[in-house]
file entry.txt (compact mmCIF, N, CA and C atoms)
# COMPACT_ATOMS: atom_id res chain seq x y z
N MET A 1 95.33 64.76 108.48
CA MET A 1 94.32 65.79 108.35
C MET A 1 94.75 66.79 107.28
N THR A 2 93.82 67.25 106.47
CA THR A 2 94.15 68.17 105.41
C THR A 2 94.46 69.55 105.99
N VAL A 3 95.39 70.22 105.37
CA VAL A 3 95.83 71.53 105.83
C VAL A 3 95.56 72.54 104.72
N LYS A 4 94.94 73.64 105.06
CA LYS A 4 94.61 74.64 104.06
C LYS A 4 95.85 75.44 103.66
N ARG A 5 96.67 75.80 104.65
CA ARG A 5 97.87 76.58 104.37
C ARG A 5 99.09 75.93 105.02
N ARG A 6 100.22 76.06 104.36
CA ARG A 6 101.47 75.46 104.82
C ARG A 6 101.88 76.00 106.18
N ASN A 7 101.63 77.29 106.43
CA ASN A 7 102.04 77.91 107.69
C ASN A 7 100.86 78.13 108.63
N HIS A 8 99.71 77.56 108.31
CA HIS A 8 98.49 77.70 109.10
C HIS A 8 98.05 79.15 109.25
N GLY A 9 98.40 79.98 108.29
CA GLY A 9 97.99 81.39 108.30
C GLY A 9 98.79 82.25 109.25
N ARG A 10 99.92 81.75 109.72
CA ARG A 10 100.73 82.50 110.68
C ARG A 10 102.20 82.40 110.30
N SER A 11 103.02 83.24 110.91
CA SER A 11 104.46 83.16 110.67
C SER A 11 105.18 82.99 112.00
N LYS A 12 104.70 82.08 112.81
CA LYS A 12 105.19 81.91 114.17
C LYS A 12 106.45 81.06 114.20
N LYS A 13 106.40 79.88 113.65
CA LYS A 13 107.55 78.98 113.49
C LYS A 13 108.36 78.75 114.77
N GLY A 14 107.79 78.03 115.70
CA GLY A 14 108.56 77.63 116.88
C GLY A 14 108.32 78.49 118.11
N ARG A 15 107.72 79.64 117.96
CA ARG A 15 107.39 80.45 119.12
C ARG A 15 106.11 79.88 119.73
N GLY A 16 106.07 79.80 121.00
CA GLY A 16 104.88 79.26 121.63
C GLY A 16 103.73 80.24 121.61
N HIS A 17 104.01 81.50 121.89
CA HIS A 17 102.96 82.51 122.00
C HIS A 17 103.45 83.80 121.37
N VAL A 18 102.54 84.54 120.76
CA VAL A 18 102.86 85.82 120.13
C VAL A 18 101.91 86.87 120.71
N LYS A 19 102.43 88.07 120.93
CA LYS A 19 101.60 89.14 121.48
C LYS A 19 100.48 89.50 120.52
N LEU A 20 99.39 90.00 121.08
CA LEU A 20 98.26 90.42 120.27
C LEU A 20 98.41 91.89 119.88
N ILE A 21 97.93 92.20 118.70
CA ILE A 21 97.84 93.60 118.27
C ILE A 21 96.36 93.90 118.06
N ARG A 22 96.05 95.17 117.89
CA ARG A 22 94.66 95.56 117.63
C ARG A 22 94.55 95.99 116.18
N CYS A 23 93.53 95.50 115.51
CA CYS A 23 93.28 95.86 114.11
C CYS A 23 93.02 97.36 114.02
N ASP A 24 93.61 98.02 113.02
CA ASP A 24 93.43 99.47 112.84
C ASP A 24 92.03 99.84 112.39
N ASN A 25 91.28 98.86 111.89
CA ASN A 25 89.95 99.14 111.38
C ASN A 25 88.86 98.85 112.42
N CYS A 26 88.88 97.64 112.97
CA CYS A 26 87.79 97.22 113.86
C CYS A 26 88.23 97.03 115.31
N PHE A 27 89.51 97.17 115.57
CA PHE A 27 90.08 97.04 116.92
C PHE A 27 89.95 95.62 117.48
N GLN A 28 89.83 94.63 116.62
CA GLN A 28 89.79 93.24 117.05
C GLN A 28 91.20 92.79 117.43
N ALA A 29 91.30 91.99 118.49
CA ALA A 29 92.60 91.44 118.90
C ALA A 29 93.01 90.36 117.91
N CYS A 30 94.24 90.47 117.42
CA CYS A 30 94.74 89.54 116.41
C CYS A 30 96.22 89.27 116.71
N PRO A 31 96.70 88.03 116.59
CA PRO A 31 98.12 87.78 116.82
C PRO A 31 98.98 88.58 115.84
N LYS A 32 100.10 89.09 116.33
CA LYS A 32 100.95 89.97 115.50
C LYS A 32 101.44 89.25 114.25
N ASP A 33 101.73 87.98 114.35
CA ASP A 33 102.25 87.25 113.19
C ASP A 33 101.16 86.90 112.19
N LYS A 34 99.90 86.93 112.59
CA LYS A 34 98.80 86.62 111.68
C LYS A 34 98.26 87.87 111.00
N ALA A 35 98.48 89.02 111.58
CA ALA A 35 97.94 90.27 111.06
C ALA A 35 98.55 90.59 109.70
N ILE A 36 97.78 91.26 108.86
CA ILE A 36 98.26 91.71 107.56
C ILE A 36 98.81 93.11 107.75
N LYS A 37 100.10 93.27 107.46
CA LYS A 37 100.80 94.52 107.75
C LYS A 37 101.20 95.22 106.45
N ARG A 38 100.93 96.50 106.36
CA ARG A 38 101.30 97.29 105.18
C ARG A 38 101.83 98.65 105.64
N PHE A 39 102.85 99.14 104.95
CA PHE A 39 103.34 100.49 105.20
C PHE A 39 102.61 101.45 104.28
N ASN A 40 102.16 102.56 104.81
CA ASN A 40 101.49 103.58 104.03
C ASN A 40 102.37 104.82 104.03
N VAL A 41 102.69 105.32 102.86
CA VAL A 41 103.56 106.49 102.71
C VAL A 41 102.76 107.59 102.05
N ARG A 42 102.67 108.74 102.70
CA ARG A 42 101.95 109.89 102.15
C ARG A 42 102.74 111.15 102.37
N ASN A 43 102.44 112.15 101.55
CA ASN A 43 103.02 113.47 101.79
C ASN A 43 102.34 114.10 103.00
N MET A 44 103.08 114.96 103.70
CA MET A 44 102.50 115.60 104.88
C MET A 44 101.37 116.55 104.51
N ILE A 45 101.45 117.15 103.32
CA ILE A 45 100.39 118.05 102.88
C ILE A 45 99.88 117.58 101.52
N GLU A 46 98.62 117.88 101.22
CA GLU A 46 98.04 117.43 99.95
C GLU A 46 98.55 118.30 98.79
N ALA A 47 98.19 117.94 97.58
CA ALA A 47 98.73 118.56 96.38
C ALA A 47 98.39 120.04 96.28
N ALA A 48 97.14 120.42 96.61
CA ALA A 48 96.74 121.83 96.50
C ALA A 48 97.54 122.70 97.47
N ALA A 49 97.70 122.23 98.69
CA ALA A 49 98.47 122.98 99.68
C ALA A 49 99.95 123.01 99.31
N LYS A 50 100.41 121.95 98.66
CA LYS A 50 101.82 121.89 98.23
C LYS A 50 102.10 122.97 97.19
N ARG A 51 101.15 123.17 96.28
CA ARG A 51 101.31 124.21 95.26
C ARG A 51 101.31 125.60 95.90
N ASP A 52 100.40 125.84 96.84
CA ASP A 52 100.36 127.13 97.53
C ASP A 52 101.64 127.37 98.31
N MET A 53 102.15 126.32 98.92
CA MET A 53 103.38 126.44 99.69
C MET A 53 104.57 126.74 98.78
N ALA A 54 104.58 126.14 97.59
CA ALA A 54 105.67 126.38 96.64
C ALA A 54 105.66 127.82 96.14
N GLU A 55 104.46 128.38 95.94
CA GLU A 55 104.36 129.77 95.48
C GLU A 55 104.80 130.75 96.56
N ALA A 56 104.52 130.46 97.81
CA ALA A 56 104.84 131.36 98.90
C ALA A 56 106.25 131.16 99.45
N SER A 57 106.90 130.08 99.05
CA SER A 57 108.20 129.74 99.62
C SER A 57 109.33 130.57 99.01
N VAL A 58 110.36 130.79 99.80
CA VAL A 58 111.56 131.49 99.33
C VAL A 58 112.43 130.54 98.52
N TYR A 59 112.42 129.29 98.89
CA TYR A 59 113.26 128.30 98.22
C TYR A 59 112.65 127.89 96.89
N GLU A 60 113.53 127.63 95.91
CA GLU A 60 113.06 127.23 94.58
C GLU A 60 112.48 125.81 94.59
N SER A 61 113.19 124.90 95.20
CA SER A 61 112.69 123.53 95.28
C SER A 61 112.81 123.05 96.73
N TYR A 62 111.70 122.55 97.25
CA TYR A 62 111.68 122.06 98.61
C TYR A 62 110.89 120.75 98.62
N ASP A 63 111.54 119.68 99.08
CA ASP A 63 110.87 118.39 99.16
C ASP A 63 110.06 118.33 100.44
N VAL A 64 108.76 118.16 100.28
CA VAL A 64 107.88 118.07 101.44
C VAL A 64 108.12 116.73 102.12
N PRO A 65 108.30 116.71 103.44
CA PRO A 65 108.53 115.42 104.11
C PRO A 65 107.32 114.50 104.02
N LYS A 66 107.60 113.23 104.09
CA LYS A 66 106.55 112.23 103.98
C LYS A 66 106.23 111.65 105.36
N VAL A 67 105.02 111.13 105.49
CA VAL A 67 104.58 110.47 106.71
C VAL A 67 104.55 108.98 106.43
N TYR A 68 105.26 108.20 107.25
CA TYR A 68 105.28 106.76 107.11
C TYR A 68 104.54 106.17 108.31
N TYR A 69 103.47 105.41 108.05
CA TYR A 69 102.83 104.73 109.17
C TYR A 69 102.42 103.33 108.76
N LYS A 70 102.45 102.45 109.75
CA LYS A 70 102.22 101.04 109.52
C LYS A 70 100.78 100.69 109.85
N LEU A 71 100.11 100.08 108.88
CA LEU A 71 98.73 99.63 109.09
C LEU A 71 98.75 98.15 109.40
N GLN A 72 98.01 97.75 110.43
CA GLN A 72 97.90 96.35 110.80
C GLN A 72 96.42 95.99 110.85
N HIS A 73 96.03 95.01 110.03
CA HIS A 73 94.62 94.62 109.93
C HIS A 73 94.46 93.16 110.30
N CYS A 74 93.27 92.84 110.84
CA CYS A 74 92.92 91.43 111.01
C CYS A 74 92.58 90.88 109.62
N VAL A 75 92.48 89.57 109.52
CA VAL A 75 92.25 88.94 108.22
C VAL A 75 90.90 89.37 107.63
N GLY A 76 89.87 89.45 108.48
CA GLY A 76 88.55 89.83 107.99
C GLY A 76 88.52 91.22 107.41
N CYS A 77 89.14 92.18 108.07
CA CYS A 77 89.16 93.56 107.57
C CYS A 77 90.04 93.70 106.34
N ALA A 78 91.12 92.91 106.29
CA ALA A 78 92.01 92.98 105.13
C ALA A 78 91.30 92.46 103.88
N ILE A 79 90.49 91.43 104.02
CA ILE A 79 89.74 90.92 102.88
C ILE A 79 88.61 91.88 102.52
N HIS A 80 87.92 92.39 103.52
CA HIS A 80 86.81 93.32 103.28
C HIS A 80 87.30 94.62 102.63
N GLY A 81 88.46 95.09 103.06
CA GLY A 81 89.01 96.33 102.51
C GLY A 81 89.85 96.12 101.27
N ARG A 82 89.85 94.90 100.74
CA ARG A 82 90.57 94.54 99.52
C ARG A 82 92.08 94.79 99.61
N ILE A 83 92.64 94.66 100.80
CA ILE A 83 94.09 94.75 100.96
C ILE A 83 94.73 93.45 100.50
N VAL A 84 94.07 92.33 100.82
CA VAL A 84 94.44 91.03 100.27
C VAL A 84 93.19 90.41 99.64
N ARG A 85 93.39 89.48 98.75
CA ARG A 85 92.27 88.84 98.05
C ARG A 85 92.24 87.35 98.39
N VAL A 86 91.08 86.76 98.26
CA VAL A 86 90.94 85.32 98.42
C VAL A 86 91.51 84.67 97.16
N ARG A 87 92.36 83.65 97.36
CA ARG A 87 92.96 82.98 96.21
C ARG A 87 92.47 81.54 96.13
N SER A 88 92.49 81.00 94.93
CA SER A 88 92.04 79.63 94.72
C SER A 88 93.03 78.66 95.36
N ARG A 89 92.62 77.41 95.45
CA ARG A 89 93.46 76.40 96.09
C ARG A 89 94.80 76.26 95.38
N VAL A 90 94.80 76.36 94.07
CA VAL A 90 96.05 76.23 93.30
C VAL A 90 96.93 77.46 93.51
N ASN A 91 96.32 78.64 93.48
CA ASN A 91 97.10 79.88 93.61
C ASN A 91 97.60 80.14 95.02
N ARG A 92 97.06 79.43 96.02
CA ARG A 92 97.54 79.60 97.38
C ARG A 92 98.96 79.09 97.54
N ARG A 93 99.36 78.20 96.66
CA ARG A 93 100.73 77.64 96.72
C ARG A 93 101.77 78.67 96.26
N ASN A 94 101.34 79.67 95.53
CA ASN A 94 102.25 80.69 95.01
C ASN A 94 102.71 81.58 96.16
N ARG A 95 104.01 81.50 96.49
CA ARG A 95 104.55 82.27 97.60
C ARG A 95 105.34 83.50 97.13
N ALA A 96 105.36 83.73 95.84
CA ALA A 96 106.09 84.88 95.30
C ALA A 96 105.35 86.18 95.65
N PRO A 97 106.09 87.24 95.96
CA PRO A 97 105.40 88.51 96.26
C PRO A 97 104.74 89.07 95.02
N PRO A 98 103.66 89.83 95.18
CA PRO A 98 103.00 90.40 94.01
C PRO A 98 103.89 91.43 93.33
N PRO A 99 103.70 91.68 92.04
CA PRO A 99 104.56 92.64 91.34
C PRO A 99 104.38 94.04 91.89
N ARG A 100 105.47 94.79 91.93
CA ARG A 100 105.42 96.17 92.42
C ARG A 100 105.24 97.11 91.26
N PHE A 101 104.41 98.10 91.47
CA PHE A 101 104.18 99.12 90.45
C PHE A 101 104.78 100.41 90.96
N ARG A 102 106.03 100.64 90.60
CA ARG A 102 106.73 101.84 91.05
C ARG A 102 107.04 102.72 89.86
N GLN A 103 107.04 104.02 90.10
CA GLN A 103 107.37 104.96 89.04
C GLN A 103 108.88 104.96 88.83
N GLU A 104 109.27 104.88 87.58
CA GLU A 104 110.69 104.95 87.27
C GLU A 104 111.00 106.35 86.79
N PHE A 105 111.99 106.96 87.43
CA PHE A 105 112.38 108.31 87.06
C PHE A 105 113.37 108.24 85.91
N LYS A 106 113.08 109.03 84.86
CA LYS A 106 113.95 109.03 83.69
C LYS A 106 115.13 109.96 83.93
N LYS A 107 116.31 109.46 83.61
CA LYS A 107 117.52 110.28 83.74
C LYS A 107 117.69 111.08 82.46
N PRO A 108 118.34 112.23 82.55
CA PRO A 108 118.60 113.00 81.33
C PRO A 108 119.44 112.18 80.36
N THR A 109 119.10 112.23 79.08
CA THR A 109 119.77 111.38 78.10
C THR A 109 121.16 111.89 77.74
N GLY A 110 121.30 113.18 77.51
CA GLY A 110 122.59 113.72 77.11
C GLY A 110 123.21 114.59 78.18
N ALA A 111 124.52 114.67 78.15
CA ALA A 111 125.22 115.52 79.10
C ALA A 111 125.07 116.98 78.66
N PRO A 112 124.99 117.90 79.60
CA PRO A 112 124.85 119.30 79.21
C PRO A 112 126.12 119.77 78.48
N THR A 113 125.90 120.50 77.39
CA THR A 113 127.04 120.98 76.60
C THR A 113 127.40 122.40 77.03
N ALA A 114 128.68 122.64 77.11
CA ALA A 114 129.17 123.95 77.52
C ALA A 114 129.21 124.88 76.29
N VAL A 115 128.77 126.10 76.45
CA VAL A 115 128.78 127.07 75.37
C VAL A 115 130.11 127.80 75.41
N LYS A 116 130.82 127.78 74.28
CA LYS A 116 132.13 128.46 74.22
C LYS A 116 131.93 129.93 73.95
N ALA A 117 132.57 130.73 74.74
CA ALA A 117 132.51 132.18 74.53
C ALA A 117 133.66 132.60 73.62
N SER A 118 133.33 133.37 72.59
CA SER A 118 134.38 133.83 71.67
C SER A 118 135.04 135.10 72.23
N ALA A 119 136.37 135.14 72.16
CA ALA A 119 137.10 136.27 72.74
C ALA A 119 137.48 137.30 71.72

call {"tool": "encode", "arguments": {"input": "entry.txt", "output": "structure tokens"}}
result
Amino acid sequence: MTVKRRNHGRSKKGRGHVKLIRCDNCFQACPKDKAIKRFNVRNMIEAAAKRDMAEASVYESYDVPKVYYKLQHCVGCAIHGRIVRVRSRVNRRNRAPPPRFRQEFKKPTGAPTAVKASA
């Protein structure tokens, strides 16, 4: 019989049963290993409030803490919300993770020079 996916759309591998989770969008019951899982990282406060907080703060630089939460979607909601895309039969074989688009922070190029005081 022809098989659409090598893992049958799951990552169970030898477990007989997997607990169900609820989709964060539609609350549909979905096996935990089949669900599409993504971590969402956001600042605790938005940019406008961050600027106001920086002006009112005593500290010169304060890193606002981030909120990390895990989103779990059923396959239907993940496709509808464009979290994952439908791939062609040839591209389904590609198991490499998609490229990451991360900001690279530039380091200072030169070392700070000390100013000599004349005596």

call {"tool": "select_by_dssp", "arguments": {"input": "entry.txt", "residues": "stretch 12-106 of chain A", "states": "helix (DSSP H, G or I)", "output": "ChimeraX atom specification"}}
result
/A:47-56,75-80,91-93

call {"tool": "select_by_dssp", "arguments": {"input": "entry.txt", "residues": "chain A", "states": "strand (DSSP E or B)", "output": "JSON, numbers by chain"}}
result
{"A": [20, 21, 22, 29, 30, 31, 36, 37, 38, 39, 40, 41, 42, 43, 66, 67, 68, 69, 70, 71, 72, 73]}

call {"tool": "residues_around", "arguments": {"input": "entry.txt", "residues": "A:Val64", "least_positions_apart": "6", "cutoff": "7 Å", "atoms": "all atoms listed in the file", "output": "list in words"}}
result
Asn43, Met44 and Ile45 of chain A

call {"tool": "atom_distance", "arguments": {"input": "entry.txt", "atom1": "atom CA of A:Arg87", "atom2": "atom N of A:Arg10"}}
result
15.2 Å

call {"tool": "atom_distance", "arguments": {"input": "entry.txt", "atom1": "atom CA of A:Gln103", "atom2": "atom C of A:Val75"}}
result
29.3 Å

call {"tool": "decode", "arguments": {"input": "entry.txt", "residues": "stretch 65-76 of chain A", "atoms": "all heavy atoms", "output": "PDB file, in the first residue's frame"}}
result
ATOM      1  N   PRO A  65      11.864  41.450  30.864  1.00  0.00           N
ATOM      2  CA  PRO A  65      11.765  39.992  30.744  1.00  0.00           C
ATOM      3  C   PRO A  65      10.834  39.570  29.611  1.00  0.00           C
ATOM      4  O   PRO A  65       9.926  40.305  29.237  1.00  0.00           O
ATOM      5  CB  PRO A  65      11.207  39.550  32.105  1.00  0.00           C
ATOM      6  CG  PRO A  65      10.696  40.776  32.752  1.00  0.00           C
ATOM      7  CD  PRO A  65      11.371  41.946  32.128  1.00  0.00           C
ATOM      8  N   LYS A  66      11.103  38.399  29.099  1.00  0.00           N
ATOM      9  CA  LYS A  66      10.319  37.881  27.982  1.00  0.00           C
ATOM     10  C   LYS A  66       9.351  36.808  28.481  1.00  0.00           C
ATOM     11  O   LYS A  66       9.572  36.182  29.495  1.00  0.00           O
ATOM     12  CB  LYS A  66      11.238  37.295  26.921  1.00  0.00           C
ATOM     13  CG  LYS A  66      12.141  38.332  26.288  1.00  0.00           C
ATOM     14  CD  LYS A  66      12.928  37.716  25.164  1.00  0.00           C
ATOM     15  CE  LYS A  66      13.885  38.696  24.549  1.00  0.00           C
ATOM     16  NZ  LYS A  66      13.263  39.839  23.973  1.00  0.00           N
ATOM     17  N   VAL A  67       8.280  36.621  27.715  1.00  0.00           N
ATOM     18  CA  VAL A  67       7.299  35.580  28.005  1.00  0.00           C
ATOM     19  C   VAL A  67       7.491  34.479  26.980  1.00  0.00           C
ATOM     20  O   VAL A  67       7.493  34.739  25.775  1.00  0.00           O
ATOM     21  CB  VAL A  67       5.860  36.133  27.919  1.00  0.00           C
ATOM     22  CG1 VAL A  67       4.854  35.040  28.152  1.00  0.00           C
ATOM     23  CG2 VAL A  67       5.663  37.246  28.901  1.00  0.00           C
ATOM     24  N   TYR A  68       7.697  33.256  27.460  1.00  0.00           N
ATOM     25  CA  TYR A  68       7.863  32.105  26.589  1.00  0.00           C
ATOM     26  C   TYR A  68       6.629  31.225  26.751  1.00  0.00           C
ATOM     27  O   TYR A  68       6.328  30.780  27.851  1.00  0.00           O
ATOM     28  CB  TYR A  68       9.093  31.286  26.992  1.00  0.00           C
ATOM     29  CG  TYR A  68      10.381  32.052  26.900  1.00  0.00           C
ATOM     30  CD1 TYR A  68      10.838  32.809  27.966  1.00  0.00           C
ATOM     31  CD2 TYR A  68      11.156  32.000  25.756  1.00  0.00           C
ATOM     32  CE1 TYR A  68      12.030  33.518  27.891  1.00  0.00           C
ATOM     33  CE2 TYR A  68      12.346  32.700  25.666  1.00  0.00           C
ATOM     34  CZ  TYR A  68      12.777  33.449  26.741  1.00  0.00           C
ATOM     35  OH  TYR A  68      13.946  34.133  26.670  1.00  0.00           O
ATOM     36  N   TYR A  69       5.900  30.980  25.663  1.00  0.00           N
ATOM     37  CA  TYR A  69       4.799  30.038  25.764  1.00  0.00           C
ATOM     38  C   TYR A  69       4.746  29.167  24.528  1.00  0.00           C
ATOM     39  O   TYR A  69       5.120  29.564  23.432  1.00  0.00           O
ATOM     40  CB  TYR A  69       3.462  30.711  26.051  1.00  0.00           C
ATOM     41  CG  TYR A  69       3.037  31.789  25.096  1.00  0.00           C
ATOM     42  CD1 TYR A  69       2.181  31.513  24.051  1.00  0.00           C
ATOM     43  CD2 TYR A  69       3.479  33.092  25.255  1.00  0.00           C
ATOM     44  CE1 TYR A  69       1.776  32.499  23.186  1.00  0.00           C
ATOM     45  CE2 TYR A  69       3.079  34.088  24.393  1.00  0.00           C
ATOM     46  CZ  TYR A  69       2.224  33.779  23.360  1.00  0.00           C
ATOM     47  OH  TYR A  69       1.835  34.760  22.498  1.00  0.00           O
ATOM     48  N   LYS A  70       4.286  27.946  24.751  1.00  0.00           N
ATOM     49  CA  LYS A  70       4.287  26.931  23.716  1.00  0.00           C
ATOM     50  C   LYS A  70       2.906  26.848  23.080  1.00  0.00           C
ATOM     51  O   LYS A  70       1.916  26.681  23.762  1.00  0.00           O
ATOM     52  CB  LYS A  70       4.654  25.582  24.326  1.00  0.00           C
ATOM     53  CG  LYS A  70       4.917  24.493  23.334  1.00  0.00           C
ATOM     54  CD  LYS A  70       5.389  23.243  24.045  1.00  0.00           C
ATOM     55  CE  LYS A  70       5.846  22.207  23.052  1.00  0.00           C
ATOM     56  NZ  LYS A  70       6.334  21.011  23.740  1.00  0.00           N
ATOM     57  N   LEU A  71       2.886  26.973  21.764  1.00  0.00           N
ATOM     58  CA  LEU A  71       1.635  26.847  21.012  1.00  0.00           C
ATOM     59  C   LEU A  71       1.554  25.447  20.429  1.00  0.00           C
ATOM     60  O   LEU A  71       2.531  24.946  19.869  1.00  0.00           O
ATOM     61  CB  LEU A  71       1.583  27.871  19.879  1.00  0.00           C
ATOM     62  CG  LEU A  71       1.571  29.333  20.291  1.00  0.00           C
ATOM     63  CD1 LEU A  71       1.678  30.220  19.068  1.00  0.00           C
ATOM     64  CD2 LEU A  71       0.304  29.654  21.055  1.00  0.00           C
ATOM     65  N   GLN A  72       0.399  24.800  20.583  1.00  0.00           N
ATOM     66  CA  GLN A  72       0.182  23.478  20.029  1.00  0.00           C
ATOM     67  C   GLN A  72      -1.077  23.536  19.169  1.00  0.00           C
ATOM     68  O   GLN A  72      -2.145  23.885  19.660  1.00  0.00           O
ATOM     69  CB  GLN A  72       0.011  22.446  21.145  1.00  0.00           C
ATOM     70  CG  GLN A  72       1.259  22.290  21.982  1.00  0.00           C
ATOM     71  CD  GLN A  72       1.063  21.325  23.131  1.00  0.00           C
ATOM     72  OE1 GLN A  72       0.002  21.283  23.730  1.00  0.00           O
ATOM     73  NE2 GLN A  72       2.086  20.562  23.423  1.00  0.00           N
ATOM     74  N   HIS A  73      -0.926  23.204  17.883  1.00  0.00           N
ATOM     75  CA  HIS A  73      -2.040  23.288  16.948  1.00  0.00           C
ATOM     76  C   HIS A  73      -2.300  21.927  16.328  1.00  0.00           C
ATOM     77  O   HIS A  73      -1.375  21.135  16.120  1.00  0.00           O
ATOM     78  CB  HIS A  73      -1.730  24.275  15.817  1.00  0.00           C
ATOM     79  CG  HIS A  73      -1.591  25.686  16.278  1.00  0.00           C
ATOM     80  ND1 HIS A  73      -2.665  26.478  16.576  1.00  0.00           N
ATOM     81  CD2 HIS A  73      -0.491  26.452  16.488  1.00  0.00           C
ATOM     82  CE1 HIS A  73      -2.240  27.668  16.954  1.00  0.00           C
ATOM     83  NE2 HIS A  73      -0.925  27.674  16.909  1.00  0.00           N
ATOM     84  N   CYS A  74      -3.574  21.695  15.972  1.00  0.00           N
ATOM     85  CA  CYS A  74      -3.888  20.527  15.163  1.00  0.00           C
ATOM     86  C   CYS A  74      -3.418  20.826  13.736  1.00  0.00           C
ATOM     87  O   CYS A  74      -3.104  21.963  13.392  1.00  0.00           O
ATOM     88  CB  CYS A  74      -5.376  20.216  15.215  1.00  0.00           C
ATOM     89  SG  CYS A  74      -6.430  21.492  14.504  1.00  0.00           S
ATOM     90  N   VAL A  75      -3.373  19.798  12.901  1.00  0.00           N
ATOM     91  CA  VAL A  75      -2.854  19.965  11.545  1.00  0.00           C
ATOM     92  C   VAL A  75      -3.703  20.949  10.746  1.00  0.00           C
ATOM     93  O   VAL A  75      -3.183  21.808  10.037  1.00  0.00           O
ATOM     94  CB  VAL A  75      -2.783  18.592  10.832  1.00  0.00           C
ATOM     95  CG1 VAL A  75      -2.337  18.757   9.399  1.00  0.00           C
ATOM     96  CG2 VAL A  75      -1.851  17.671  11.564  1.00  0.00           C
ATOM     97  N   GLY A  76      -5.027  20.868  10.894  1.00  0.00           N
ATOM     98  CA  GLY A  76      -5.907  21.755  10.144  1.00  0.00           C
ATOM     99  C   GLY A  76      -5.696  23.211  10.477  1.00  0.00           C
ATOM    100  O   GLY A  76      -5.619  24.066   9.587  1.00  0.00           O
TER     101      GLY A  76
END
